[in-house]
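Q: Sending over upload-v7.txt (compact mmCIF, C-alpha atoms).
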```
# COMPACT_ATOMS: atom_id res chain seq x y z
CA MET A 1 0.00 0.00 0.00
CA SER A 2 2.84 2.38 0.76
CA ASP A 3 4.24 1.56 -2.69
CA TYR A 4 1.22 3.25 -4.24
CA LEU A 5 1.91 6.39 -2.23
CA LYS A 6 5.56 6.35 -3.23
CA THR A 7 4.94 5.94 -6.93
CA GLN A 8 1.94 8.22 -7.37
CA GLU A 9 3.77 11.28 -8.68
CA ASN A 10 1.01 13.63 -9.75
CA ARG A 11 1.51 17.38 -9.47
CA LEU A 12 -0.61 17.73 -6.34
CA LEU A 13 1.39 15.07 -4.53
CA ALA A 14 4.70 16.47 -5.78
CA SER A 15 3.84 19.88 -4.30
CA ALA A 16 2.74 18.29 -1.02
CA LYS A 17 6.05 16.44 -0.82
CA TYR A 18 7.89 19.68 -1.51
CA ILE A 19 6.17 21.29 1.49
CA ILE A 20 7.05 18.32 3.67
CA ARG A 21 10.71 18.35 2.58
CA ARG A 22 10.92 22.09 3.22
CA LEU A 23 9.67 21.62 6.79
CA GLU A 24 11.89 18.58 7.38
CA GLU A 25 14.95 20.54 6.22
CA ARG A 26 14.26 22.96 9.07
CA GLY A 27 14.11 20.18 11.63
CA TYR A 28 10.35 19.66 11.85
CA GLU A 29 8.24 16.57 11.32
CA ALA A 30 5.68 16.76 8.53
CA TYR A 31 3.29 14.25 6.95
CA ILE A 32 0.39 14.05 4.58
CA VAL A 33 -2.56 12.89 6.65
CA GLY A 34 -6.22 11.95 6.67
CA GLY A 35 -8.43 11.44 3.65
CA CYS A 36 -5.69 11.76 1.05
CA VAL A 37 -3.78 8.88 2.66
CA ARG A 38 -6.96 6.81 2.93
CA ASP A 39 -7.85 7.41 -0.73
CA SER A 40 -4.32 6.57 -1.86
CA ILE A 41 -4.43 3.29 0.03
CA LEU A 42 -7.77 2.53 -1.62
CA GLY A 43 -6.22 3.25 -5.02
CA THR A 44 -8.23 6.43 -5.59
CA GLU A 45 -6.35 9.56 -6.60
CA PRO A 46 -6.92 12.27 -3.96
CA HIS A 47 -8.23 15.65 -5.03
CA ASP A 48 -6.25 17.49 -2.35
CA TYR A 49 -3.60 16.86 0.27
CA ASP A 50 -3.65 17.94 3.90
CA ILE A 51 -0.40 18.16 5.83
CA CYS A 52 0.26 18.02 9.56
CA THR A 53 3.49 19.12 11.19
CA SER A 54 5.29 19.61 14.46
CA ALA A 55 6.10 23.17 13.35
CA LEU A 56 4.10 25.92 15.01
CA PRO A 57 2.10 28.20 12.71
CA HIS A 58 4.66 31.01 12.74
CA GLU A 59 7.38 28.43 12.05
CA VAL A 60 5.44 27.13 9.05
CA MET A 61 5.05 30.67 7.73
CA GLY A 62 8.75 31.29 8.18
CA ALA A 63 9.63 28.24 6.10
CA PHE A 64 8.09 29.62 2.89
CA ASP A 65 8.11 32.77 0.86
CA LYS A 66 5.54 35.22 2.22
CA SER A 67 3.83 35.41 -1.17
CA ILE A 68 2.60 31.78 -0.99
CA VAL A 69 1.45 31.50 2.65
CA ILE A 70 -1.93 32.57 4.02
CA PRO A 71 -2.66 32.60 7.78
CA THR A 72 -6.11 31.05 7.31
CA GLY A 73 -6.66 29.59 10.79
CA LEU A 74 -3.82 30.46 13.14
CA LYS A 75 -6.04 29.98 16.20
CA HIS A 76 -6.42 26.33 15.27
CA GLY A 77 -2.90 25.98 13.89
CA THR A 78 -3.65 26.09 10.18
CA VAL A 79 -1.61 27.87 7.53
CA THR A 80 -2.45 27.58 3.81
CA VAL A 81 0.44 27.21 1.39
CA VAL A 82 -0.43 28.03 -2.24
CA ILE A 83 1.56 26.32 -5.00
CA ASP A 84 0.58 26.49 -8.68
CA GLY A 85 -2.84 27.81 -7.66
CA ASN A 86 -3.54 24.82 -5.38
CA ASN A 87 -4.13 25.26 -1.65
CA TYR A 88 -2.46 22.99 0.88
CA GLU A 89 -3.60 23.22 4.49
CA VAL A 90 -0.66 22.77 6.84
CA THR A 91 -1.79 22.27 10.43
CA THR A 92 0.28 22.01 13.59
CA PHE A 93 -0.06 18.82 15.64
CA ARG A 94 -2.69 19.64 18.21
CA ILE A 95 -4.83 18.39 21.06
CA ASP A 96 -8.39 19.65 20.96
CA GLY A 97 -10.07 21.17 24.02
CA GLN A 98 -13.73 20.86 24.97
CA TYR A 99 -16.42 20.89 22.25
CA SER A 100 -19.21 22.82 23.98
CA ASP A 101 -21.17 23.22 20.71
CA ASN A 102 -20.70 19.57 19.60
CA ARG A 103 -19.01 20.88 16.47
CA HIS A 104 -15.81 22.90 17.08
CA PRO A 105 -13.20 22.79 19.85
CA ASP A 106 -13.36 25.75 22.24
CA ASN A 107 -9.58 25.85 22.17
CA VAL A 108 -6.63 23.82 20.94
CA GLU A 109 -3.26 22.99 22.46
CA PHE A 110 -0.32 22.58 20.11
CA THR A 111 1.85 19.52 20.60
CA ARG A 112 5.02 18.11 19.08
CA SER A 113 3.52 14.58 19.06
CA LEU A 114 2.05 13.14 15.87
CA ILE A 115 0.32 10.37 17.83
CA GLU A 116 -1.48 12.88 20.04
CA ASP A 117 -2.67 14.64 16.90
CA LEU A 118 -3.92 11.42 15.32
CA LYS A 119 -5.81 10.52 18.51
CA ARG A 120 -8.23 13.41 18.00
CA ARG A 121 -9.30 12.32 14.51
CA ASP A 122 -12.66 10.76 13.71
CA PHE A 123 -12.09 7.29 12.22
CA THR A 124 -9.12 4.95 12.14
CA MET A 125 -9.01 5.07 8.34
CA ASN A 126 -8.51 8.84 8.58
CA ALA A 127 -5.88 8.63 11.32
CA ILE A 128 -2.99 7.49 9.13
CA ALA A 129 0.01 9.69 8.27
CA TYR A 130 2.70 9.30 5.62
CA SER A 131 5.99 10.78 4.56
CA ASP A 132 8.72 9.43 2.32
CA ARG A 133 11.10 9.54 5.29
CA THR A 134 8.97 7.40 7.65
CA GLY A 135 6.52 5.60 5.41
CA LEU A 136 3.05 4.95 6.81
CA ILE A 137 2.35 5.68 10.47
CA ASP A 138 -0.80 3.87 11.56
CA PRO A 139 -1.16 3.72 15.36
CA PHE A 140 -4.85 2.71 15.35
CA ASP A 141 -4.77 -0.05 12.70
CA GLY A 142 -6.59 2.06 10.13
CA ILE A 143 -5.01 0.13 7.26
CA GLU A 144 -6.42 -3.10 8.64
CA ASP A 145 -9.87 -1.51 8.89
CA ILE A 146 -9.57 -0.26 5.29
CA ARG A 147 -8.55 -3.75 4.19
CA HIS A 148 -11.67 -5.22 5.82
CA GLY A 149 -13.98 -2.36 4.85
CA ILE A 150 -14.71 -1.19 8.39
CA ILE A 151 -15.43 2.30 9.67
CA ARG A 152 -14.38 2.53 13.31
CA CYS A 153 -13.99 5.52 15.57
CA VAL A 154 -10.59 6.37 17.00
CA GLY A 155 -10.88 5.66 20.72
CA ASN A 156 -14.25 6.10 22.43
CA PRO A 157 -17.05 6.66 19.86
CA ASP A 158 -19.22 8.57 22.34
CA GLU A 159 -16.40 11.05 22.84
CA ARG A 160 -15.71 11.39 19.12
CA PHE A 161 -19.38 12.05 18.31
CA SER A 162 -19.79 14.39 21.28
CA GLU A 163 -16.85 16.43 19.99
CA ASP A 164 -18.34 16.78 16.52
CA ALA A 165 -21.86 15.45 15.96
CA LEU A 166 -21.48 15.78 12.18
CA ARG A 167 -19.17 12.77 12.41
CA ILE A 168 -22.34 10.68 12.85
CA LEU A 169 -23.45 11.53 9.32
CA ARG A 170 -19.87 11.35 8.03
CA ALA A 171 -19.67 7.73 9.21
CA ILE A 172 -22.91 6.87 7.41
CA ARG A 173 -21.73 8.76 4.33
CA PHE A 174 -18.36 7.00 4.21
CA ALA A 175 -20.09 3.63 4.57
CA ALA A 176 -22.46 4.50 1.71
CA GLN A 177 -19.75 5.85 -0.60
CA LEU A 178 -17.11 3.19 0.04
CA ASN A 179 -19.45 0.23 0.58
CA PHE A 180 -17.90 -0.25 4.03
CA MET A 181 -19.66 -1.44 7.16
CA ILE A 182 -19.73 0.56 10.37
CA GLU A 183 -18.15 -1.37 13.25
CA PRO A 184 -21.24 -2.67 15.06
CA ASP A 185 -20.28 -3.24 18.69
CA MET A 186 -19.19 0.28 19.58
CA THR A 187 -19.29 2.75 16.67
CA GLU A 188 -22.73 1.85 15.31
CA LYS A 189 -24.26 1.61 18.77
CA SER A 190 -22.88 5.03 19.57
CA ILE A 191 -24.33 6.49 16.36
CA HIS A 192 -27.83 5.48 17.47
CA LYS A 193 -27.18 6.59 21.05
CA MET A 194 -25.71 10.00 20.17
CA SER A 195 -27.84 10.85 17.12
CA HIS A 196 -29.76 13.53 19.04
CA LEU A 197 -26.62 15.67 18.97
CA LEU A 198 -27.28 16.36 15.28
CA GLU A 199 -29.87 18.86 16.50
CA ASN A 200 -26.91 21.12 17.29
CA VAL A 201 -25.45 20.97 13.76
CA ALA A 202 -26.16 23.66 11.16
CA ALA A 203 -28.59 22.64 8.41
CA GLU A 204 -26.02 23.52 5.72
CA ARG A 205 -23.56 20.96 7.10
CA ILE A 206 -26.25 18.30 7.37
CA ASN A 207 -27.31 19.07 3.80
CA SER A 208 -23.79 18.47 2.48
CA GLU A 209 -23.52 15.00 4.04
CA PHE A 210 -27.12 14.07 3.23
CA CYS A 211 -26.66 14.88 -0.47
CA LYS A 212 -23.54 12.74 -0.68
CA ILE A 213 -25.44 9.85 0.88
CA ALA A 214 -28.39 10.41 -1.46
CA VAL A 215 -26.30 10.01 -4.62
CA SER A 216 -24.35 7.03 -3.31
CA GLY A 217 -25.13 3.46 -4.26
CA HIS A 218 -26.37 2.73 -0.74
CA PHE A 219 -28.85 5.51 -0.02
CA ALA A 220 -31.74 3.16 0.73
CA GLU A 221 -29.69 0.88 2.97
CA SER A 222 -28.36 3.89 4.87
CA VAL A 223 -31.83 5.22 5.67
CA ARG A 224 -33.14 1.76 6.50
CA ARG A 225 -30.32 1.01 8.94
CA PHE A 226 -30.12 4.49 10.46
CA CYS A 227 -33.66 5.76 10.11
CA ASP A 228 -33.56 7.10 13.68
CA VAL A 229 -30.61 9.29 12.66
CA PHE A 230 -32.31 10.69 9.55
CA GLU A 231 -35.45 11.34 11.60
CA ILE A 232 -33.50 13.91 13.61
CA PHE A 233 -33.50 16.29 10.64
CA ILE A 234 -36.37 14.74 8.61
CA PRO A 235 -38.92 13.92 11.33
CA GLU A 236 -41.59 13.24 8.68
CA LEU A 237 -39.97 9.83 8.21
CA ARG A 238 -41.63 8.72 11.45
CA ASN A 239 -45.04 8.95 9.76
CA LEU A 240 -44.02 6.60 6.95
CA ALA A 241 -42.80 3.61 8.95
CA ASP A 242 -45.38 0.84 9.44
CA PHE A 243 -48.03 2.81 7.52
CA ASN A 244 -49.93 -0.01 5.81
CA GLN A 245 -51.14 1.04 2.36
CA ASN A 246 -53.84 -1.64 2.02
CA SER A 247 -53.40 -1.54 -1.73
CA PRO A 248 -53.21 -4.35 -4.29
CA TYR A 249 -50.38 -2.40 -5.96
CA HIS A 250 -48.21 -2.30 -2.84
CA GLU A 251 -46.80 -5.04 -0.65
CA PHE A 252 -44.76 -2.67 1.56
CA ASP A 253 -45.57 0.06 4.03
CA VAL A 254 -44.89 3.60 2.83
CA LEU A 255 -41.34 3.74 4.21
CA GLU A 256 -40.29 0.41 2.75
CA HIS A 257 -41.87 1.28 -0.58
CA THR A 258 -39.92 4.55 -0.55
CA LEU A 259 -36.65 2.76 0.19
CA HIS A 260 -37.28 0.08 -2.43
CA ALA A 261 -38.00 2.83 -4.96
CA VAL A 262 -34.81 4.68 -4.03
CA GLY A 263 -32.83 1.45 -4.26
CA LYS A 264 -34.16 0.78 -7.77
CA CYS A 265 -33.76 4.31 -9.09
CA PRO A 266 -31.97 4.14 -12.47
CA SER A 267 -30.35 7.56 -11.94
CA ASP A 268 -27.70 8.70 -9.47
CA GLU A 269 -28.46 12.37 -10.17
CA LEU A 270 -29.32 14.29 -6.98
CA THR A 271 -32.59 15.92 -8.07
CA THR A 272 -34.02 12.63 -9.28
CA ARG A 273 -32.93 10.74 -6.17
CA LEU A 274 -34.49 13.37 -3.90
CA ALA A 275 -37.75 13.29 -5.84
CA VAL A 276 -37.94 9.52 -5.48
CA PHE A 277 -37.17 9.82 -1.77
CA PHE A 278 -39.87 12.43 -1.12
CA HIS A 279 -42.52 11.26 -3.62
CA ASP A 280 -44.86 9.61 -1.10
CA PHE A 281 -44.21 11.62 2.07
CA GLY A 282 -47.77 12.96 1.95
CA LYS A 283 -49.50 9.59 1.81
CA PRO A 284 -50.27 9.26 5.54
CA GLN A 285 -52.13 12.59 5.41
CA CYS A 286 -54.20 11.54 2.38
CA TYR A 287 -55.21 8.00 3.31
CA GLN A 288 -58.79 6.96 2.65
CA GLU A 289 -60.43 3.54 2.58
CA ASP A 290 -63.27 2.51 0.29
CA GLU A 291 -66.06 0.14 1.30
CA SER A 292 -63.91 -2.89 0.60
CA GLY A 293 -61.11 -1.65 2.86
CA THR A 294 -58.77 -0.79 -0.02
CA GLY A 295 -56.56 2.20 0.65
CA HIS A 296 -56.45 5.26 -1.60
CA PHE A 297 -54.27 8.36 -1.46
CA TYR A 298 -56.08 10.98 -3.50
CA GLY A 299 -54.06 14.16 -3.90
CA HIS A 300 -50.95 12.75 -2.24
CA GLY A 301 -48.71 14.09 -5.01
CA LYS A 302 -49.60 17.67 -4.13
CA VAL A 303 -49.24 17.12 -0.37
CA SER A 304 -45.92 15.29 -0.86
CA ALA A 305 -44.67 18.12 -3.07
CA GLU A 306 -45.42 20.71 -0.40
CA LEU A 307 -43.76 18.60 2.28
CA SER A 308 -40.66 18.10 0.13
CA SER A 309 -40.41 21.84 -0.40
CA THR A 310 -40.74 22.56 3.32
CA ILE A 311 -38.13 19.97 4.28
CA MET A 312 -35.69 21.10 1.60
CA ARG A 313 -36.11 24.75 2.55
CA TRP A 314 -35.21 23.89 6.16
CA LEU A 315 -32.19 21.91 4.93
CA LYS A 316 -31.04 24.97 2.95
CA PHE A 317 -31.28 23.48 -0.53
CA ASP A 318 -30.87 25.95 -3.35
CA ASN A 319 -34.10 27.25 -4.84
CA GLN A 320 -33.66 25.59 -8.25
CA THR A 321 -33.19 22.10 -6.80
CA ARG A 322 -36.09 22.61 -4.43
CA ARG A 323 -38.42 23.75 -7.23
CA ASP A 324 -37.36 20.91 -9.53
CA VAL A 325 -37.87 18.26 -6.86
CA LYS A 326 -41.23 19.74 -5.86
CA LYS A 327 -42.46 19.64 -9.46
CA LEU A 328 -41.34 16.04 -9.97
CA VAL A 329 -43.01 14.93 -6.76
CA PHE A 330 -46.21 16.76 -7.75
CA TYR A 331 -46.37 15.00 -11.12
CA HIS A 332 -44.96 11.59 -10.14
CA ASP A 333 -48.33 9.81 -10.25
CA VAL A 334 -49.50 11.03 -13.69
CA GLN A 335 -50.31 8.49 -16.38
CA LEU A 336 -47.97 8.70 -19.37
CA ALA A 337 -48.46 7.15 -22.80
CA ALA A 338 -46.25 6.65 -25.85
CA VAL A 339 -48.16 9.30 -27.78
CA LYS A 340 -46.27 12.12 -29.43
CA LYS A 341 -48.73 14.91 -28.72
CA GLN A 342 -48.76 13.99 -25.02
CA ILE A 343 -44.97 13.90 -24.90
CA ARG A 344 -44.74 17.26 -26.67
CA ARG A 345 -47.13 18.71 -24.13
CA TRP A 346 -45.01 17.43 -21.23
CA LEU A 347 -41.87 18.79 -22.86
CA ASN A 348 -43.64 22.13 -23.12
CA ARG A 349 -44.79 21.98 -19.50
CA ILE A 350 -41.60 20.94 -17.71
CA GLY A 351 -38.79 20.78 -20.29
CA GLU A 352 -36.62 17.92 -21.52
CA GLN A 353 -34.43 17.48 -18.44
CA GLN A 354 -37.35 17.40 -16.04
CA PHE A 355 -39.35 15.08 -18.31
CA ARG A 356 -36.50 12.56 -18.41
CA ARG A 357 -36.22 12.83 -14.64
CA LEU A 358 -39.96 12.26 -14.32
CA LEU A 359 -39.65 9.02 -16.29
CA ASP A 360 -36.90 7.86 -13.93
CA VAL A 361 -39.07 8.74 -10.92
CA LYS A 362 -41.98 6.75 -12.37
CA VAL A 363 -39.74 3.76 -13.07
CA SER A 364 -38.47 3.89 -9.49
CA ASP A 365 -41.98 4.20 -8.06
CA ILE A 366 -43.36 1.25 -10.03
CA ARG A 367 -40.35 -1.00 -9.46
CA GLY A 368 -40.48 -0.24 -5.74
CA GLN A 369 -44.09 -1.27 -5.23
CA LYS A 370 -43.39 -5.00 -5.00
CA GLU A 371 -40.32 -7.16 -4.47
CA ASN A 372 -40.28 -8.43 -8.06
CA ASN A 373 -42.04 -5.77 -10.06
CA ASP A 374 -39.57 -5.25 -12.89
CA ASN A 375 -41.96 -6.78 -15.45
CA ASP A 376 -44.93 -4.58 -14.55
CA GLU A 377 -46.71 -3.66 -17.81
CA ARG A 378 -46.58 0.00 -16.82
CA LEU A 379 -42.83 -0.17 -17.25
CA LEU A 380 -43.01 -1.60 -20.76
CA VAL A 381 -44.19 1.69 -22.22
CA ILE A 382 -41.24 3.71 -20.85
CA PRO A 383 -38.73 2.73 -23.59
CA ASP A 384 -41.28 3.72 -26.24
CA ILE A 385 -41.81 7.09 -24.55
CA LEU A 386 -38.06 7.65 -24.45
CA SER A 387 -37.72 6.67 -28.10
CA LEU A 388 -40.44 9.11 -29.15
CA THR A 389 -38.89 11.82 -26.97
CA ASP A 390 -35.56 11.35 -28.71
CA GLU A 391 -37.32 11.48 -32.10
CA ILE A 392 -39.15 14.71 -31.21
CA LEU A 393 -35.90 16.34 -30.17
CA ARG A 394 -33.93 14.95 -33.10
CA GLU A 395 -36.51 16.18 -35.60
CA ARG A 396 -36.74 19.49 -33.76
CA GLU A 397 -40.49 19.21 -33.50
CA CYS A 398 -42.14 22.28 -32.06
CA PHE A 399 -43.21 22.19 -28.41
CA GLN A 400 -42.12 25.66 -27.26
CA MET A 401 -43.24 29.15 -28.25
CA LYS A 402 -39.76 30.03 -29.50
CA ASP A 403 -39.91 27.11 -31.97
CA LEU A 404 -43.03 28.40 -33.75
CA SER A 405 -42.43 29.43 -37.35
CA VAL A 406 -44.18 32.73 -36.68
CA ASN A 407 -43.69 35.27 -33.90
CA GLY A 408 -45.22 38.34 -32.39
CA LYS A 409 -43.89 40.65 -35.11
CA ASP A 410 -45.71 38.62 -37.73
CA LEU A 411 -48.97 38.98 -35.84
CA LEU A 412 -48.52 42.73 -35.32
CA ALA A 413 -47.96 43.10 -39.07
CA MET A 414 -51.29 41.35 -39.63
CA GLY A 415 -53.11 43.80 -37.38
CA PHE A 416 -53.23 41.87 -34.12
CA VAL A 417 -53.13 44.14 -31.07
CA GLN A 418 -49.93 43.99 -29.04
CA GLY A 419 -50.36 42.37 -25.66
CA LYS A 420 -53.08 39.90 -24.74
CA GLU A 421 -54.41 39.40 -28.27
CA VAL A 422 -50.99 38.53 -29.67
CA GLY A 423 -50.18 36.30 -26.69
CA ASP A 424 -53.48 34.41 -26.87
CA ALA A 425 -53.09 33.84 -30.61
CA LEU A 426 -49.55 32.48 -30.26
CA ARG A 427 -50.58 30.17 -27.42
CA LYS A 428 -53.49 28.91 -29.53
CA LEU A 429 -51.10 28.19 -32.40
CA LEU A 430 -48.65 26.38 -30.12
CA ASP A 431 -51.43 24.22 -28.64
CA MET A 432 -52.59 23.25 -32.13
CA VAL A 433 -49.05 22.42 -33.27
CA ILE A 434 -48.36 20.36 -30.14
CA ASP A 435 -51.61 18.43 -30.64
CA GLY A 436 -50.85 17.87 -34.33
CA GLN A 437 -53.88 19.85 -35.56
CA ILE A 438 -51.70 22.06 -37.72
CA LYS A 439 -48.14 21.84 -39.02
CA ASN A 440 -45.44 24.19 -37.80
CA ASP A 441 -45.20 25.65 -41.29
CA ARG A 442 -44.96 29.42 -41.64
CA ASP A 443 -47.38 29.75 -44.58
CA GLU A 444 -49.90 27.40 -43.01
CA LEU A 445 -49.74 29.23 -39.70
CA LEU A 446 -50.11 32.64 -41.36
CA ASN A 447 -53.09 31.41 -43.39
CA TYR A 448 -54.75 30.17 -40.22
CA LEU A 449 -54.05 33.49 -38.46
CA GLN A 450 -55.59 35.35 -41.42
CA THR A 451 -58.70 33.19 -41.11
CA ILE A 452 -59.24 33.89 -37.42
CA LYS A 453 -58.40 37.58 -37.90
CA THR A 454 -61.07 38.06 -40.55
CA ASN A 455 -63.73 36.09 -38.66
```
Represent the structure from my file as structure tokens, please.
A:
Amino acid sequence: MSDYLKTQENRLLASAKYIIRRLEERGYEAYIVGGCVRDSILGTEPHDYDICTSALPHEVMGAFDKSIVIPTGLKHGTVTVVIDGNNYEVTTFRIDGQYSDNRHPDNVEFTRSLIEDLKRRDFTMNAIAYSDRTGLIDPFDGIEDIRHGIIRCVGNPDERFSEDALRILRAIRFAAQLNFMIEPDMTEKSIHKMSHLLENVAAERINSEFCKIAVSGHFAESVRRFCDVFEIFIPELRNLADFNQNSPYHEFDVLEHTLHAVGKCPSDELTTRLAVFFHDFGKPQCYQEDESGTGHFYGHGKVSAELSSTIMRWLKFDNQTRRDVKKLVFYHDVQLAAVKKQIRRWLNRIGEQQFRRLLDVKVSDIRGQKENNDNDERLLVIPDILSLTDEILRERECFQMKDLSVNGKDLLAMGFVQGKEVGDALRKLLDMVIDGQIKNDRDELLNYLQTIKTN
């Protein structure tokens, strides 16, 4: 494993090694540390390199030309060294003080001991240091945990999560991204025990970890195994568990249907994944039974859409993502057919990207209704819809106002009054073209306009 580190000579690593050599030449210890070492061991090229050192911040600054050092976090021992436009955080070995806000240390104490510095880190796989001079330094058997795919806290998990509650979600996120398991006897138990501390973490930080989990290959498994954790910031999940749908289309409760749908989503794009996740959140509020005891959820798309928007607003999602997810959730239950005029109308209503997302949401929803539902006849029409969509786009068929062969100037020249009359006439033309009642041919459109103008 150390051989990979020694032979991986990309520019980022070369600059990191230069910084380390510079500090070593002045009598200090210095190592690359944390995620970059973990990724290198896993065979993944790191995107950045963090460096830890026995040098105090002013000593780090004195080791480099003033033009390339930035005192970004002297209080916590961090100096940024800029080489070829890339930032390298160089942090003094430290011992963290109390974490009264469950997020940041109230104070730090600098130390000359690498081991003391590694003790304060979150997981064993992130508590490994490396330099060419010493090779790998792994006091907590992080390499062994990486080899076996285990996420384990350094030391006492309760203490690690009390120091920084976001580590709870980071553990779940790492497990989802790397397909690792969280060590069950201490670390996982502590996650469930300490999950309430996430109430003290800013929504923006929760959002960042949640999104990374959502686009991973193990989103559904993560929520299923740690639903109590996700309920801390999405309490609506509590309403979904064990909610029997009493429907011939569903063999799962609402939560399990949601997780099956997420697990079978054909897209790893964030907006689509979120829409699948939120698509049935409103079902418990909309439940009705008919005389036979069959459950129905009239209007649940609208209620789910509003809930998704509220939750995403609290989690500080950007407005565009929130609006896109809300629209997909609202429309997720519509019936779609392989009919060109219907497809053109949907392309007009929500655009190509959203329409393709909607198809993925519908596929996920249907596939998630039963354990083996991949041959449901409702799925068989989806490839035909996609094929017709591609044909419409390839042939540049008209489904937007800007694609009409006539425009407002043409109508004004014919005597239409600027404003509502022009707008209504253009919308009427577009509707007729979309429905195939008239061709998007300039002469044909002008002839039709002349007819309605003279009548």
Q: Could you state the separation of atom CA of Thr187 of chain A and atom CA of Arg152 of chain A in Å, given to one decimal place?
A: 6.0 Å
Q: Using Å and a single decimal, report how far atom CA of Phe399 of chain A sits from atom CA of Asn440 of chain A.
A: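 A separation of 9.9 Å between them.
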Q: Point out the residue among A:His300, A:Arg273, A:Lys17, A:His148 with the least atom-to-atom distance to Asp324 of chain A, counting all atoms listed in the file.
A: A:Arg273
Q: Neighbouring residues of Phe174 of chain A were defined as those with any atom within 10 Å, considering only C-alpha atoms; residues of the same chain fewer than 6 positions away were excluded. Please report them as a PyMOL selection string.
A: chain A and resi 150-151+180-182+209+212-213+216
Q: Can you find the residues with an atom no farther than 12 Å from (-44.9, 13.1, 0.1), counting only C-alpha atoms, and report them as a PyMOL selection string?
A: chain A and resi 236-237+239-240+254-255+258+274-287+297-311+325-333
Q: Between A:Leu426, A:Ile51, A:Ile41, A:Ile32, single out the one closest to Asp145 of chain A, counting all atoms listed in the file.
A: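 Closest to Asp145 of chain A of all the choices is A:Ile41.
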Q: For the point (-17.2, 9.2, 23.2) in file coordinates, what residues are within 12 Å, counting all atoms listed in the file? Give the answer as a compact mmCIF listing (two decimals) with C-alpha atoms, in the frame of the given file?
A:
```
# COMPACT_ATOMS: atom_id res chain seq x y z
CA TYR A 99 -16.42 20.89 22.25
CA ASN A 102 -20.70 19.57 19.60
CA ARG A 120 -8.23 13.41 18.00
CA ASP A 122 -12.66 10.76 13.71
CA CYS A 153 -13.99 5.52 15.57
CA VAL A 154 -10.59 6.37 17.00
CA GLY A 155 -10.88 5.66 20.72
CA ASN A 156 -14.25 6.10 22.43
CA PRO A 157 -17.05 6.66 19.86
CA ASP A 158 -19.22 8.57 22.34
CA GLU A 159 -16.40 11.05 22.84
CA ARG A 160 -15.71 11.39 19.12
CA PHE A 161 -19.38 12.05 18.31
CA SER A 162 -19.79 14.39 21.28
CA GLU A 163 -16.85 16.43 19.99
CA ASP A 164 -18.34 16.78 16.52
CA ALA A 165 -21.86 15.45 15.96
CA ARG A 167 -19.17 12.77 12.41
CA ILE A 168 -22.34 10.68 12.85
CA MET A 186 -19.19 0.28 19.58
CA THR A 187 -19.29 2.75 16.67
CA LYS A 189 -24.26 1.61 18.77
CA SER A 190 -22.88 5.03 19.57
CA ILE A 191 -24.33 6.49 16.36
CA LYS A 193 -27.18 6.59 21.05
CA MET A 194 -25.71 10.00 20.17
```
Q: From the options A:His47, A:Arg121, A:Lys75, A:Arg396, which residue's atoms come nearest to Val108 of chain A, counting all atoms listed in the file?
A: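 Using all atoms listed in the file, Val108 of chain A sits closest to A:Lys75.
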Q: Using all atoms listed in the file, can you tell me which of A:Asp106, A:Asp65, A:Glu269, A:Glu251 comes closest to Ala214 of chain A?
A: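 Once distances to Ala214 of chain A are computed over all atoms listed in the file, the minimum belongs to A:Glu269.
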Q: Record the distance separating atom CA of Ile382 of chain A and atom CA of Glu352 of chain A, expressed in Å with one decimal.
A: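 It comes out at 15.0 Å.
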Q: Go through A:Ile206, A:Leu411, A:Val381, A:Leu259 one by one, measure the shortest atom-to-atom distance of each to Lys316 of chain A using only C-alpha atoms, and give the residue with the smallest value.
A: A:Ile206
Q: Go through A:Arg378, A:Arg344, A:Arg94, A:Arg225 one by one, measure the shortest atom-to-atom distance of each to Gln400 of chain A using all atoms listed in the file, and give the residue with the smallest value.
A: A:Arg344
Q: Can you list, as a PyMOL selection string, every protein, DNA or RNA residue that comes within 12 Å of Leu13 of chain A when you count only C-alpha atoms, leaving out same-chain residues fewer than 3 positions away?
A: chain A and resi 4-10+16-20+31-32+36-37+40+45-51+83+86-88+130-132
